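Shown here: model.cif, mmCIF, C-alpha atoms and all ligand atoms; chains and numbers go by the auth columns.
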data_final
loop_
_atom_site.group_PDB
_atom_site.id
_atom_site.type_symbol
_atom_site.label_atom_id
_atom_site.label_comp_id
_atom_site.label_asym_id
_atom_site.label_seq_id
_atom_site.Cartn_x
_atom_site.Cartn_y
_atom_site.Cartn_z
_atom_site.B_iso_or_equiv
_atom_site.auth_seq_id
_atom_site.auth_asym_id
ATOM 1 C CA MET A 1 47.868 23.073 21.769 0.00 1 A
ATOM 2 C CA VAL A 2 45.056 20.534 21.491 0.00 2 A
ATOM 3 C CA LYS A 3 42.755 23.288 20.224 0.00 3 A
ATOM 4 C CA ILE A 4 45.209 24.177 17.464 0.00 4 A
ATOM 5 C CA LEU A 5 45.357 20.516 16.396 0.00 5 A
ATOM 6 C CA VAL A 6 41.559 20.231 16.433 0.00 6 A
ATOM 7 C CA PHE A 7 41.246 23.415 14.374 0.00 7 A
ATOM 8 C CA ALA A 8 43.914 22.200 11.919 0.00 8 A
ATOM 9 C CA LEU A 9 42.143 18.853 11.444 0.00 9 A
ATOM 10 C CA GLY A 10 38.853 20.631 10.721 0.00 10 A
ATOM 11 C CA ALA A 11 40.612 23.025 8.347 0.00 11 A
ATOM 12 C CA CYS A 12 42.107 20.079 6.413 0.00 12 A
ATOM 13 C CA LEU A 13 38.656 18.548 6.037 0.00 13 A
ATOM 14 C CA GLY A 14 37.319 21.970 4.986 0.00 14 A
ATOM 15 C CA SER A 15 40.046 22.079 2.345 0.00 15 A
ATOM 16 C CA PHE A 16 39.041 18.597 1.191 0.00 16 A
ATOM 17 C CA ILE A 17 35.328 19.393 0.775 0.00 17 A
ATOM 18 C CA SER A 18 36.190 22.608 -1.032 0.00 18 A
ATOM 19 C CA ALA A 19 38.232 20.639 -3.583 0.00 19 A
ATOM 20 C CA LEU A 20 35.527 17.971 -3.744 0.00 20 A
ATOM 21 C CA MET A 21 32.839 20.575 -4.539 0.00 21 A
ATOM 22 C CA ALA A 22 34.855 22.076 -7.396 0.00 22 A
ATOM 23 C CA ARG A 23 36.082 18.778 -8.822 0.00 23 A
ATOM 24 C CA ARG A 24 32.904 16.744 -8.906 0.00 24 A
ATOM 25 C CA ARG A 25 31.224 19.672 -10.606 0.00 25 A
ATOM 26 C CA LEU A 26 33.739 19.222 -13.440 0.00 26 A
ATOM 27 C CA GLY A 27 33.440 15.429 -13.351 0.00 27 A
ATOM 28 C CA MET A 28 37.027 15.116 -12.091 0.00 28 A
ATOM 29 C CA SER A 29 38.438 12.571 -9.671 0.00 29 A
ATOM 30 C CA ILE A 30 39.163 13.827 -6.165 0.00 30 A
ATOM 31 C CA ILE A 31 42.534 12.029 -6.093 0.00 31 A
ATOM 32 C CA LYS A 32 43.990 12.688 -9.555 0.00 32 A
ATOM 33 C CA PRO A 33 45.401 14.911 -10.897 0.00 33 A
ATOM 34 C CA ASN A 34 47.196 16.770 -8.105 0.00 34 A
ATOM 35 C CA SER A 35 45.998 20.285 -7.254 0.00 35 A
ATOM 36 C CA PHE A 36 46.789 22.797 -9.967 0.00 36 A
ATOM 37 C CA CYS A 37 46.315 26.508 -10.566 0.00 37 A
ATOM 38 C CA GLU A 38 43.098 27.165 -12.475 0.00 38 A
ATOM 39 C CA SER A 39 44.723 30.027 -14.397 0.00 39 A
ATOM 40 C CA CYS A 40 48.150 28.768 -15.455 0.00 40 A
ATOM 41 C CA GLY A 41 47.739 25.023 -14.911 0.00 41 A
ATOM 42 C CA GLN A 42 50.931 24.746 -12.827 0.00 42 A
ATOM 43 C CA ARG A 43 50.898 21.947 -10.298 0.00 43 A
ATOM 44 C CA ILE A 44 50.658 23.419 -6.791 0.00 44 A
ATOM 45 C CA ARG A 45 53.667 22.467 -4.660 0.00 45 A
ATOM 46 C CA THR A 46 52.980 20.310 -1.622 0.00 46 A
ATOM 47 C CA TYR A 47 54.282 23.016 0.740 0.00 47 A
ATOM 48 C CA ASP A 48 51.708 25.422 -0.740 0.00 48 A
ATOM 49 C CA LEU A 49 48.817 23.129 0.150 0.00 49 A
ATOM 50 C CA ILE A 50 48.688 23.833 3.899 0.00 50 A
ATOM 51 C CA PRO A 51 45.130 24.965 4.655 0.00 51 A
ATOM 52 C CA ILE A 52 44.736 28.647 5.622 0.00 52 A
ATOM 53 C CA VAL A 53 48.519 29.147 6.165 0.00 53 A
ATOM 54 C CA SER A 54 49.455 28.842 2.481 0.00 54 A
ATOM 55 C CA PHE A 55 46.716 31.242 1.426 0.00 55 A
ATOM 56 C CA ILE A 56 48.029 33.867 3.865 0.00 56 A
ATOM 57 C CA ILE A 57 51.712 33.353 2.940 0.00 57 A
ATOM 58 C CA LEU A 58 50.915 33.563 -0.794 0.00 58 A
ATOM 59 C CA LYS A 59 48.625 36.567 -0.107 0.00 59 A
ATOM 60 C CA GLY A 60 45.829 34.772 -1.938 0.00 60 A
ATOM 61 C CA ARG A 61 47.728 34.551 -5.240 0.00 61 A
ATOM 62 C CA CYS A 62 49.252 31.746 -7.331 0.00 62 A
ATOM 63 C CA ARG A 63 53.014 31.348 -6.724 0.00 63 A
ATOM 64 C CA PHE A 64 53.685 31.251 -10.481 0.00 64 A
ATOM 65 C CA CYS A 65 51.241 33.447 -12.361 0.00 65 A
ATOM 66 C CA LYS A 66 50.109 35.626 -9.418 0.00 66 A
ATOM 67 C CA SER A 67 46.445 35.273 -10.363 0.00 67 A
ATOM 68 C CA LYS A 68 43.996 35.384 -7.453 0.00 68 A
ATOM 69 C CA ILE A 69 43.079 32.144 -5.678 0.00 69 A
ATOM 70 C CA SER A 70 39.376 31.837 -4.793 0.00 70 A
ATOM 71 C CA TYR A 71 38.790 33.128 -1.257 0.00 71 A
ATOM 72 C CA LYS A 72 35.979 30.549 -0.965 0.00 72 A
ATOM 73 C CA THR A 73 38.482 27.757 -0.333 0.00 73 A
ATOM 74 C CA PHE A 74 40.083 29.869 2.387 0.00 74 A
ATOM 75 C CA LEU A 75 36.678 30.550 3.994 0.00 75 A
ATOM 76 C CA THR A 76 35.673 26.879 3.817 0.00 76 A
ATOM 77 C CA GLU A 77 38.921 25.904 5.568 0.00 77 A
ATOM 78 C CA ILE A 78 38.242 28.402 8.377 0.00 78 A
ATOM 79 C CA LEU A 79 34.643 27.185 8.709 0.00 79 A
ATOM 80 C CA GLY A 80 35.835 23.552 8.849 0.00 80 A
ATOM 81 C CA GLY A 81 38.275 24.461 11.628 0.00 81 A
ATOM 82 C CA LEU A 82 35.625 26.390 13.571 0.00 82 A
ATOM 83 C CA LEU A 83 33.088 23.559 13.312 0.00 83 A
ATOM 84 C CA PHE A 84 35.611 21.097 14.739 0.00 84 A
ATOM 85 C CA LEU A 85 36.399 23.524 17.570 0.00 85 A
ATOM 86 C CA ILE A 86 32.675 23.817 18.335 0.00 86 A
ATOM 87 C CA SER A 87 32.297 20.038 18.408 0.00 87 A
ATOM 88 C CA PHE A 88 35.314 19.529 20.691 0.00 88 A
ATOM 89 C CA ASN A 89 34.084 22.337 22.951 0.00 89 A
ATOM 90 C CA ILE A 90 30.803 20.529 23.578 0.00 90 A
ATOM 91 C CA TYR A 91 32.019 16.931 23.747 0.00 91 A
ATOM 92 C CA GLU A 92 35.324 15.147 23.859 0.00 92 A
ATOM 93 C CA GLY A 93 37.055 12.149 22.315 0.00 93 A
ATOM 94 C CA PHE A 94 35.320 9.919 19.814 0.00 94 A
ATOM 95 C CA ARG A 95 31.937 11.600 20.253 0.00 95 A
ATOM 96 C CA ALA A 96 33.376 15.000 19.331 0.00 96 A
ATOM 97 C CA LEU A 97 35.113 13.454 16.323 0.00 97 A
ATOM 98 C CA VAL A 98 31.957 11.788 14.987 0.00 98 A
ATOM 99 C CA LEU A 99 29.875 14.938 15.542 0.00 99 A
ATOM 100 C CA GLY A 100 32.665 16.945 13.876 0.00 100 A
ATOM 101 C CA LEU A 101 32.512 14.698 10.802 0.00 101 A
ATOM 102 C CA GLY A 102 28.735 15.111 10.696 0.00 102 A
ATOM 103 C CA LEU A 103 29.213 18.886 10.837 0.00 103 A
ATOM 104 C CA ILE A 104 31.701 18.803 7.953 0.00 104 A
ATOM 105 C CA ILE A 105 29.298 16.790 5.760 0.00 105 A
ATOM 106 C CA GLY A 106 26.540 19.224 6.771 0.00 106 A
ATOM 107 C CA LEU A 107 28.761 22.122 5.713 0.00 107 A
ATOM 108 C CA LEU A 108 29.415 20.379 2.379 0.00 108 A
ATOM 109 C CA ILE A 109 25.667 19.998 1.727 0.00 109 A
ATOM 110 C CA ALA A 110 24.862 23.580 2.811 0.00 110 A
ATOM 111 C CA LEU A 111 27.633 25.090 0.662 0.00 111 A
ATOM 112 C CA THR A 112 26.794 22.945 -2.382 0.00 112 A
ATOM 113 C CA ASP A 113 23.140 23.981 -2.106 0.00 113 A
ATOM 114 C CA HIS A 114 24.119 27.637 -1.680 0.00 114 A
ATOM 115 C CA GLU A 115 26.548 27.557 -4.607 0.00 115 A
ATOM 116 C CA TYR A 116 24.722 25.374 -7.146 0.00 116 A
ATOM 117 C CA MET A 117 21.157 25.034 -5.792 0.00 117 A
ATOM 118 C CA GLU A 118 21.722 21.300 -5.742 0.00 118 A
ATOM 119 C CA ILE A 119 21.965 18.554 -3.120 0.00 119 A
ATOM 120 C CA TYR A 120 23.849 15.339 -3.867 0.00 120 A
ATOM 121 C CA ASP A 121 22.153 12.131 -2.648 0.00 121 A
ATOM 122 C CA ILE A 122 25.480 10.591 -1.680 0.00 122 A
ATOM 123 C CA ASP A 123 26.199 13.480 0.741 0.00 123 A
ATOM 124 C CA CYS A 124 22.856 12.916 2.479 0.00 124 A
ATOM 125 C CA TYR A 125 23.490 9.164 2.691 0.00 125 A
ATOM 126 C CA ILE A 126 26.849 9.770 4.369 0.00 126 A
ATOM 127 C CA LEU A 127 25.318 12.335 6.761 0.00 127 A
ATOM 128 C CA ILE A 128 22.550 9.871 7.648 0.00 128 A
ATOM 129 C CA GLY A 129 24.977 6.913 7.899 0.00 129 A
ATOM 130 C CA ILE A 130 27.251 8.687 10.377 0.00 130 A
ATOM 131 C CA GLY A 131 24.155 10.081 12.150 0.00 131 A
ATOM 132 C CA VAL A 132 22.619 6.632 12.731 0.00 132 A
ATOM 133 C CA LEU A 133 25.909 5.447 14.246 0.00 133 A
ATOM 134 C CA TYR A 134 26.108 8.579 16.431 0.00 134 A
ATOM 135 C CA ARG A 135 22.527 8.214 17.638 0.00 135 A
ATOM 136 C CA LEU A 136 22.886 4.499 18.363 0.00 136 A
ATOM 137 C CA ILE A 137 25.942 5.093 20.536 0.00 137 A
ATOM 138 C CA TYR A 138 25.156 8.355 22.295 0.00 138 A
ATOM 139 C CA LEU A 139 21.466 9.279 22.141 0.00 139 A
ATOM 140 C CA GLY A 140 19.412 6.203 21.327 0.00 140 A
ATOM 141 C CA PHE A 141 16.219 5.931 19.303 0.00 141 A
ATOM 142 C CA SER A 142 13.077 6.639 21.307 0.00 142 A
ATOM 143 C CA PHE A 143 9.425 6.303 20.305 0.00 143 A
ATOM 144 C CA ARG A 144 9.076 10.088 20.600 0.00 144 A
ATOM 145 C CA PHE A 145 11.946 10.572 18.158 0.00 145 A
ATOM 146 C CA PHE A 146 10.225 8.447 15.500 0.00 146 A
ATOM 147 C CA LYS A 147 6.910 10.176 16.169 0.00 147 A
ATOM 148 C CA ILE A 148 8.405 13.623 15.481 0.00 148 A
ATOM 149 C CA LEU A 149 10.217 12.228 12.432 0.00 149 A
ATOM 150 C CA LEU A 150 6.984 10.836 11.009 0.00 150 A
ATOM 151 C CA ILE A 151 4.874 13.943 11.665 0.00 151 A
ATOM 152 C CA PHE A 152 7.580 16.205 10.250 0.00 152 A
ATOM 153 C CA THR A 153 7.934 14.092 7.101 0.00 153 A
ATOM 154 C CA LEU A 154 4.170 14.077 6.481 0.00 154 A
ATOM 155 C CA VAL A 155 3.859 17.860 6.986 0.00 155 A
ATOM 156 C CA PHE A 156 6.897 18.439 4.785 0.00 156 A
ATOM 157 C CA LEU A 157 5.504 16.291 1.962 0.00 157 A
ATOM 158 C CA LEU A 158 2.124 18.003 2.252 0.00 158 A
ATOM 159 C CA ILE A 159 3.698 21.476 1.979 0.00 159 A
ATOM 160 C CA ARG A 160 5.822 20.233 -0.903 0.00 160 A
ATOM 161 C CA PHE A 161 2.730 18.933 -2.686 0.00 161 A
ATOM 162 C CA LEU A 162 0.785 22.168 -2.133 0.00 162 A
ATOM 163 C CA SER A 163 3.669 24.461 -3.068 0.00 163 A
ATOM 164 C CA LYS A 164 4.421 22.415 -6.210 0.00 164 A
ATOM 165 C CA GLY A 165 8.150 22.061 -5.947 0.00 165 A
ATOM 166 C CA GLY A 166 9.284 24.903 -3.671 0.00 166 A
ATOM 167 C CA LEU A 167 10.919 22.326 -1.430 0.00 167 A
ATOM 168 C CA GLY A 168 13.063 19.451 -2.572 0.00 168 A
ATOM 169 C CA ASP A 169 13.605 15.889 -1.364 0.00 169 A
ATOM 170 C CA GLY A 170 17.165 16.928 -0.589 0.00 170 A
ATOM 171 C CA ASP A 171 15.927 19.450 1.987 0.00 171 A
ATOM 172 C CA LEU A 172 13.858 16.738 3.679 0.00 172 A
ATOM 173 C CA PHE A 173 16.793 14.315 3.804 0.00 173 A
ATOM 174 C CA PHE A 174 19.033 17.068 5.139 0.00 174 A
ATOM 175 C CA TYR A 175 16.571 17.745 7.983 0.00 175 A
ATOM 176 C CA LEU A 176 16.223 14.035 8.783 0.00 176 A
ATOM 177 C CA GLY A 177 19.993 13.584 8.681 0.00 177 A
ATOM 178 C CA LEU A 178 20.608 16.440 11.123 0.00 178 A
ATOM 179 C CA PHE A 179 17.804 15.239 13.445 0.00 179 A
ATOM 180 C CA LEU A 180 19.957 12.190 14.180 0.00 180 A
ATOM 181 C CA TYR A 181 22.606 14.348 15.878 0.00 181 A
ATOM 182 C CA LEU A 182 20.235 16.240 18.209 0.00 182 A
ATOM 183 C CA GLU A 183 18.434 15.361 21.376 0.00 183 A
ATOM 184 C CA THR A 184 14.749 14.713 20.761 0.00 184 A
ATOM 185 C CA ARG A 185 13.686 17.835 22.689 0.00 185 A
ATOM 186 C CA GLN A 186 15.802 19.996 20.332 0.00 186 A
ATOM 187 C CA LEU A 187 14.123 18.875 17.094 0.00 187 A
ATOM 188 C CA THR A 188 11.254 21.371 17.085 0.00 188 A
ATOM 189 C CA SER A 189 13.732 24.170 17.849 0.00 189 A
ATOM 190 C CA LEU A 190 15.734 23.170 14.767 0.00 190 A
ATOM 191 C CA ILE A 191 12.635 23.222 12.557 0.00 191 A
ATOM 192 C CA LEU A 192 11.371 26.592 13.834 0.00 192 A
ATOM 193 C CA LEU A 193 14.758 28.322 13.918 0.00 193 A
ATOM 194 C CA SER A 194 15.666 27.125 10.399 0.00 194 A
ATOM 195 C CA LEU A 195 12.379 28.481 9.043 0.00 195 A
ATOM 196 C CA TRP A 196 12.993 31.830 10.745 0.00 196 A
ATOM 197 C CA ILE A 197 16.499 32.086 9.338 0.00 197 A
ATOM 198 C CA GLY A 198 15.248 30.976 5.912 0.00 198 A
ATOM 199 C CA ALA A 199 12.537 33.652 6.011 0.00 199 A
ATOM 200 C CA ILE A 200 15.079 36.342 6.908 0.00 200 A
ATOM 201 C CA PHE A 201 17.361 35.254 4.026 0.00 201 A
ATOM 202 C CA ALA A 202 14.366 35.239 1.652 0.00 202 A
ATOM 203 C CA ILE A 203 13.411 38.794 2.688 0.00 203 A
ATOM 204 C CA ILE A 204 16.999 40.020 2.264 0.00 204 A
ATOM 205 C CA LYS A 205 17.201 38.394 -1.163 0.00 205 A
ATOM 206 C CA SER A 206 13.856 39.781 -2.340 0.00 206 A
ATOM 207 C CA ILE A 207 14.978 43.279 -1.319 0.00 207 A
ATOM 208 C CA LYS A 208 18.268 42.781 -3.153 0.00 208 A
ATOM 209 C CA ILE A 209 16.752 41.586 -6.430 0.00 209 A
ATOM 210 C CA ARG A 210 13.545 43.636 -5.934 0.00 210 A
ATOM 211 C CA SER A 211 11.326 40.686 -6.672 0.00 211 A
ATOM 212 C CA LEU A 212 9.508 38.051 -4.665 0.00 212 A
ATOM 213 C CA LYS A 213 10.274 35.365 -7.223 0.00 213 A
ATOM 214 C CA GLY A 214 13.872 34.580 -6.371 0.00 214 A
ATOM 215 C CA GLU A 215 14.483 31.041 -5.124 0.00 215 A
ATOM 216 C CA ILE A 216 16.625 30.546 -2.067 0.00 216 A
ATOM 217 C CA ALA A 217 18.541 27.482 -1.025 0.00 217 A
ATOM 218 C CA LEU A 218 17.129 26.190 2.272 0.00 218 A
ATOM 219 C CA CYS A 219 20.050 24.025 3.401 0.00 219 A
ATOM 220 C CA PRO A 220 22.290 26.916 4.541 0.00 220 A
ATOM 221 C CA SER A 221 19.467 28.101 6.847 0.00 221 A
ATOM 222 C CA ILE A 222 18.875 24.601 8.189 0.00 222 A
ATOM 223 C CA PHE A 223 22.579 24.140 8.826 0.00 223 A
ATOM 224 C CA LEU A 224 22.970 27.535 10.509 0.00 224 A
ATOM 225 C CA ALA A 225 20.046 26.713 12.823 0.00 225 A
ATOM 226 C CA PHE A 226 21.627 23.318 13.578 0.00 226 A
ATOM 227 C CA VAL A 227 24.941 24.904 14.585 0.00 227 A
ATOM 228 C CA PHE A 228 23.167 27.522 16.750 0.00 228 A
ATOM 229 C CA ILE A 229 21.239 24.825 18.593 0.00 229 A
ATOM 230 C CA LEU A 230 24.375 22.748 19.163 0.00 230 A
ATOM 231 C CA ILE A 231 26.155 25.776 20.626 0.00 231 A
ATOM 232 C CA LEU A 232 23.219 26.907 22.789 0.00 232 A
ATOM 233 C CA GLY A 233 22.453 23.340 23.902 0.00 233 A
HETATM 234 ZN ZN ZN B . 48.836 30.158 -11.609 0.00 301 B
#

What is this file in C-alpha cells?
Ligand SMILES: [Zn+2]
Amino acid sequence: MVKILVFALGACLGSFISALMARRRLGMSIIKPNSFCESCGQRIRTYDLIPIVSFIILKGRCRFCKSKISYKTFLTEILGGLLFLISFNIYEGFRALVLGLGLIIGLLIALTDHEYMEIYDIDCYILIGIGVLYRLIYLGFSFRFFKILLIFTLVFLLIRFLSKGGLGDGDLFFYLGLFLYLETRQLTSLILLSLWIGAIFAIIKSIKIRSLKGEIALCPSIFLAFVFILILG
C-alpha cells in the first residue's frame, strides 16, 4: 500500500515536469490555462488527468477528437514513479523524500537535455539548492569532498577549453549538483560510469547516423550513471 502511494506521488511529479517541459518551451505559464488537447483544444477533464491511469483508460487518445496523446508524458510519469520507489527503497521518511525530489529534478534536466539539447539554469539551481540541504543534513561536507569537486571542475574546464565547446556549463553544474547527493567515495564512480555510458550512446548514435559528427546530450548519461550508483550503493 505504501509502495503504491510512493509510486503515485512520483508519477504525479513526473506528470508535472512533463507539462513543465512542454509549456515553458512555448513560453506558457505552468498554472494557466488548464490542460488542453493539443489537437482539438478541448479542456481535459479533471478525471482524465490521473497520471498513468488516464492514459491507459483512454488508450492513449483524446476523449473528444481521438487523436493520439504523446506517449512521452506517459513514460515520464512511469519514470517519476520508479525514481520515487528507488529512493524509498534505499532510505525512508524525509531523507527518501528529499532524495526523491532531487531525482525528479535530475530527470527533468536529463530529459530536457535529451529533447532540446538545452539545460535551464533554474533547474540546476534547484537541484543544487535541494542537494546542499540534503548534504548538510545527511552526509556532511568533508575536505575530501571539496578536493574532488575542485579537481573535477578544473579538469572539466580544461577539457572544455581544449575541445572548444563540446561540453557545456550546464553539464558541469549537473555533475556538481548530483555530487551533493552521493557519498564522497562514490563520486569517482559517477564520473567514470557516466563517461562510459556517454561513450556507448555516442557510438550507437554514430552508427545510426553513419557519421562521427553527431552531438549527444551528456546529461542523460550522467543521470543514468547516478541512478545506477544509488541502486548499487
Ligand atoms: Zn482532442

So what do you get for CA of Met21 (chain A) versus CA of Val6 (chain A), distance-wise? 22.7 Å

Once the PyMOL selection byres (((chain A and resi 122) around 12) and not hetatm) is applied to the coordinates I shared, what remains selected? I want it as a PyMOL selection string. chain A and resi 105+108-109+119-121+123-129+170+173-174

Suppose we keep C-alpha atoms; can you now write the selection as an mmCIF file, keeping the file's coordinate frame?
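After the write, part-v4.cif holds the following:
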data_model
loop_
_atom_site.group_PDB
_atom_site.id
_atom_site.type_symbol
_atom_site.label_atom_id
_atom_site.label_comp_id
_atom_site.auth_asym_id
_atom_site.auth_seq_id
_atom_site.Cartn_x
_atom_site.Cartn_y
_atom_site.Cartn_z
ATOM 1 C CA ILE A 105 29.298 16.790 5.760
ATOM 2 C CA LEU A 108 29.415 20.379 2.379
ATOM 3 C CA ILE A 109 25.667 19.998 1.727
ATOM 4 C CA ILE A 119 21.965 18.554 -3.120
ATOM 5 C CA TYR A 120 23.849 15.339 -3.867
ATOM 6 C CA ASP A 121 22.153 12.131 -2.648
ATOM 7 C CA ASP A 123 26.199 13.480 0.741
ATOM 8 C CA CYS A 124 22.856 12.916 2.479
ATOM 9 C CA TYR A 125 23.490 9.164 2.691
ATOM 10 C CA ILE A 126 26.849 9.770 4.369
ATOM 11 C CA LEU A 127 25.318 12.335 6.761
ATOM 12 C CA ILE A 128 22.550 9.871 7.648
ATOM 13 C CA GLY A 129 24.977 6.913 7.899
ATOM 14 C CA GLY A 170 17.165 16.928 -0.589
ATOM 15 C CA PHE A 173 16.793 14.315 3.804
ATOM 16 C CA PHE A 174 19.033 17.068 5.139
#

If you count all atoms listed in the file, which residues end up within 7 Å of ligand ZN 301 (chain B), as a ChimeraX atom specification? /A:37-42,62-67

Just give me the gap between CA of Glu115 (chain A) and CA of Cys219 (chain A) in Å, one decimal is fine.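 Taking CA of Glu115 (chain A) and CA of Cys219 (chain A), their separation equals 10.9 Å.
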
Exercise: region 56-58 of chain A partners within 12 Å, only C-alpha atoms, chain neighbours under 2 positions left out, as a list in words: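 The contact residues come out as Ile44, Tyr47, Asp48, Leu49, Ile50, Pro51, Ile52, Val53, Ser54, Gly60, Arg61, Cys62, Arg63, Phe64, Cys65, Lys66, Ser67, Lys68, Ile69, Tyr71, Phe74 and Leu75 of chain A.
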
One decimal, Å: what's the distance from CA of Leu158 (chain A) over to CA of Arg135 (chain A), could you say?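 Value for the CA of Leu158 (chain A)-CA of Arg135 (chain A) distance: 27.4 Å.
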
When the PyMOL selection byres (((chain A and resi 167) around 12) and not hetatm) is applied to the file above, which residues end up in the set, as a VMD selection string? chain A and resid 117 to 119 155 to 166 168 to 175 215 to 219

Next, the residues of the selection above should be written as a PDB file, in the coordinates of the input with C-alpha atoms.
ATOM      1  CA  MET A 117      21.157  25.034  -5.792  1.00  0.00           C
ATOM      2  CA  GLU A 118      21.722  21.300  -5.742  1.00  0.00           C
ATOM      3  CA  ILE A 119      21.965  18.554  -3.120  1.00  0.00           C
ATOM      4  CA  VAL A 155       3.859  17.860   6.986  1.00  0.00           C
ATOM      5  CA  PHE A 156       6.897  18.439   4.785  1.00  0.00           C
ATOM      6  CA  LEU A 157       5.504  16.291   1.962  1.00  0.00           C
ATOM      7  CA  LEU A 158       2.124  18.003   2.252  1.00  0.00           C
ATOM      8  CA  ILE A 159       3.698  21.476   1.979  1.00  0.00           C
ATOM      9  CA  ARG A 160       5.822  20.233  -0.903  1.00  0.00           C
ATOM     10  CA  PHE A 161       2.730  18.933  -2.686  1.00  0.00           C
ATOM     11  CA  LEU A 162       0.785  22.168  -2.133  1.00  0.00           C
ATOM     12  CA  SER A 163       3.669  24.461  -3.068  1.00  0.00           C
ATOM     13  CA  LYS A 164       4.421  22.415  -6.210  1.00  0.00           C
ATOM     14  CA  GLY A 165       8.150  22.061  -5.947  1.00  0.00           C
ATOM     15  CA  GLY A 166       9.284  24.903  -3.671  1.00  0.00           C
ATOM     16  CA  GLY A 168      13.063  19.451  -2.572  1.00  0.00           C
ATOM     17  CA  ASP A 169      13.605  15.889  -1.364  1.00  0.00           C
ATOM     18  CA  GLY A 170      17.165  16.928  -0.589  1.00  0.00           C
ATOM     19  CA  ASP A 171      15.927  19.450   1.987  1.00  0.00           C
ATOM     20  CA  LEU A 172      13.858  16.738   3.679  1.00  0.00           C
ATOM     21  CA  PHE A 173      16.793  14.315   3.804  1.00  0.00           C
ATOM     22  CA  PHE A 174      19.033  17.068   5.139  1.00  0.00           C
ATOM     23  CA  TYR A 175      16.571  17.745   7.983  1.00  0.00           C
ATOM     24  CA  GLU A 215      14.483  31.041  -5.124  1.00  0.00           C
ATOM     25  CA  ILE A 216      16.625  30.546  -2.067  1.00  0.00           C
ATOM     26  CA  ALA A 217      18.541  27.482  -1.025  1.00  0.00           C
ATOM     27  CA  LEU A 218      17.129  26.190   2.272  1.00  0.00           C
ATOM     28  CA  CYS A 219      20.050  24.025   3.401  1.00  0.00           C
TER      29      CYS A 219
END

Using the chain letters and numbers from the file, give me the residues hit by the PyMOL selection byres (((chain A and resi 149) around 12) and not hetatm), as a VMD selection string. chain A and resid 141 to 148 150 to 156 172 to 173 175 to 180 184 187 to 188 191

Within 12 Å of Ala19 (chain A), counting all atoms listed in the file, which residues show up once you throw out same-chain ones fewer than 5 positions away? Write them as a list in words, please.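 These residues fall inside the cut-off: Cys12, Leu13, Gly14, Arg24, Arg25, Leu26, Met28, Ser29, Ile30, Ile31, Lys32, Pro33, Asn34, Ser35, Phe36, Leu49, Pro51, Ser70, Lys72, Thr73, Phe74, Thr76, Glu77, Leu108 and Thr112 of chain A.
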
Can you spit out the residues from that selection as an mmCIF file, in the coordinates of the input, using C-alpha atoms?
data_model
loop_
_atom_site.group_PDB
_atom_site.id
_atom_site.type_symbol
_atom_site.label_atom_id
_atom_site.label_comp_id
_atom_site.auth_asym_id
_atom_site.auth_seq_id
_atom_site.Cartn_x
_atom_site.Cartn_y
_atom_site.Cartn_z
ATOM 1 C CA CYS A 12 42.107 20.079 6.413
ATOM 2 C CA LEU A 13 38.656 18.548 6.037
ATOM 3 C CA GLY A 14 37.319 21.970 4.986
ATOM 4 C CA ARG A 24 32.904 16.744 -8.906
ATOM 5 C CA ARG A 25 31.224 19.672 -10.606
ATOM 6 C CA LEU A 26 33.739 19.222 -13.440
ATOM 7 C CA MET A 28 37.027 15.116 -12.091
ATOM 8 C CA SER A 29 38.438 12.571 -9.671
ATOM 9 C CA ILE A 30 39.163 13.827 -6.165
ATOM 10 C CA ILE A 31 42.534 12.029 -6.093
ATOM 11 C CA LYS A 32 43.990 12.688 -9.555
ATOM 12 C CA PRO A 33 45.401 14.911 -10.897
ATOM 13 C CA ASN A 34 47.196 16.770 -8.105
ATOM 14 C CA SER A 35 45.998 20.285 -7.254
ATOM 15 C CA PHE A 36 46.789 22.797 -9.967
ATOM 16 C CA LEU A 49 48.817 23.129 0.150
ATOM 17 C CA PRO A 51 45.130 24.965 4.655
ATOM 18 C CA SER A 70 39.376 31.837 -4.793
ATOM 19 C CA LYS A 72 35.979 30.549 -0.965
ATOM 20 C CA THR A 73 38.482 27.757 -0.333
ATOM 21 C CA PHE A 74 40.083 29.869 2.387
ATOM 22 C CA THR A 76 35.673 26.879 3.817
ATOM 23 C CA GLU A 77 38.921 25.904 5.568
ATOM 24 C CA LEU A 108 29.415 20.379 2.379
ATOM 25 C CA THR A 112 26.794 22.945 -2.382
#
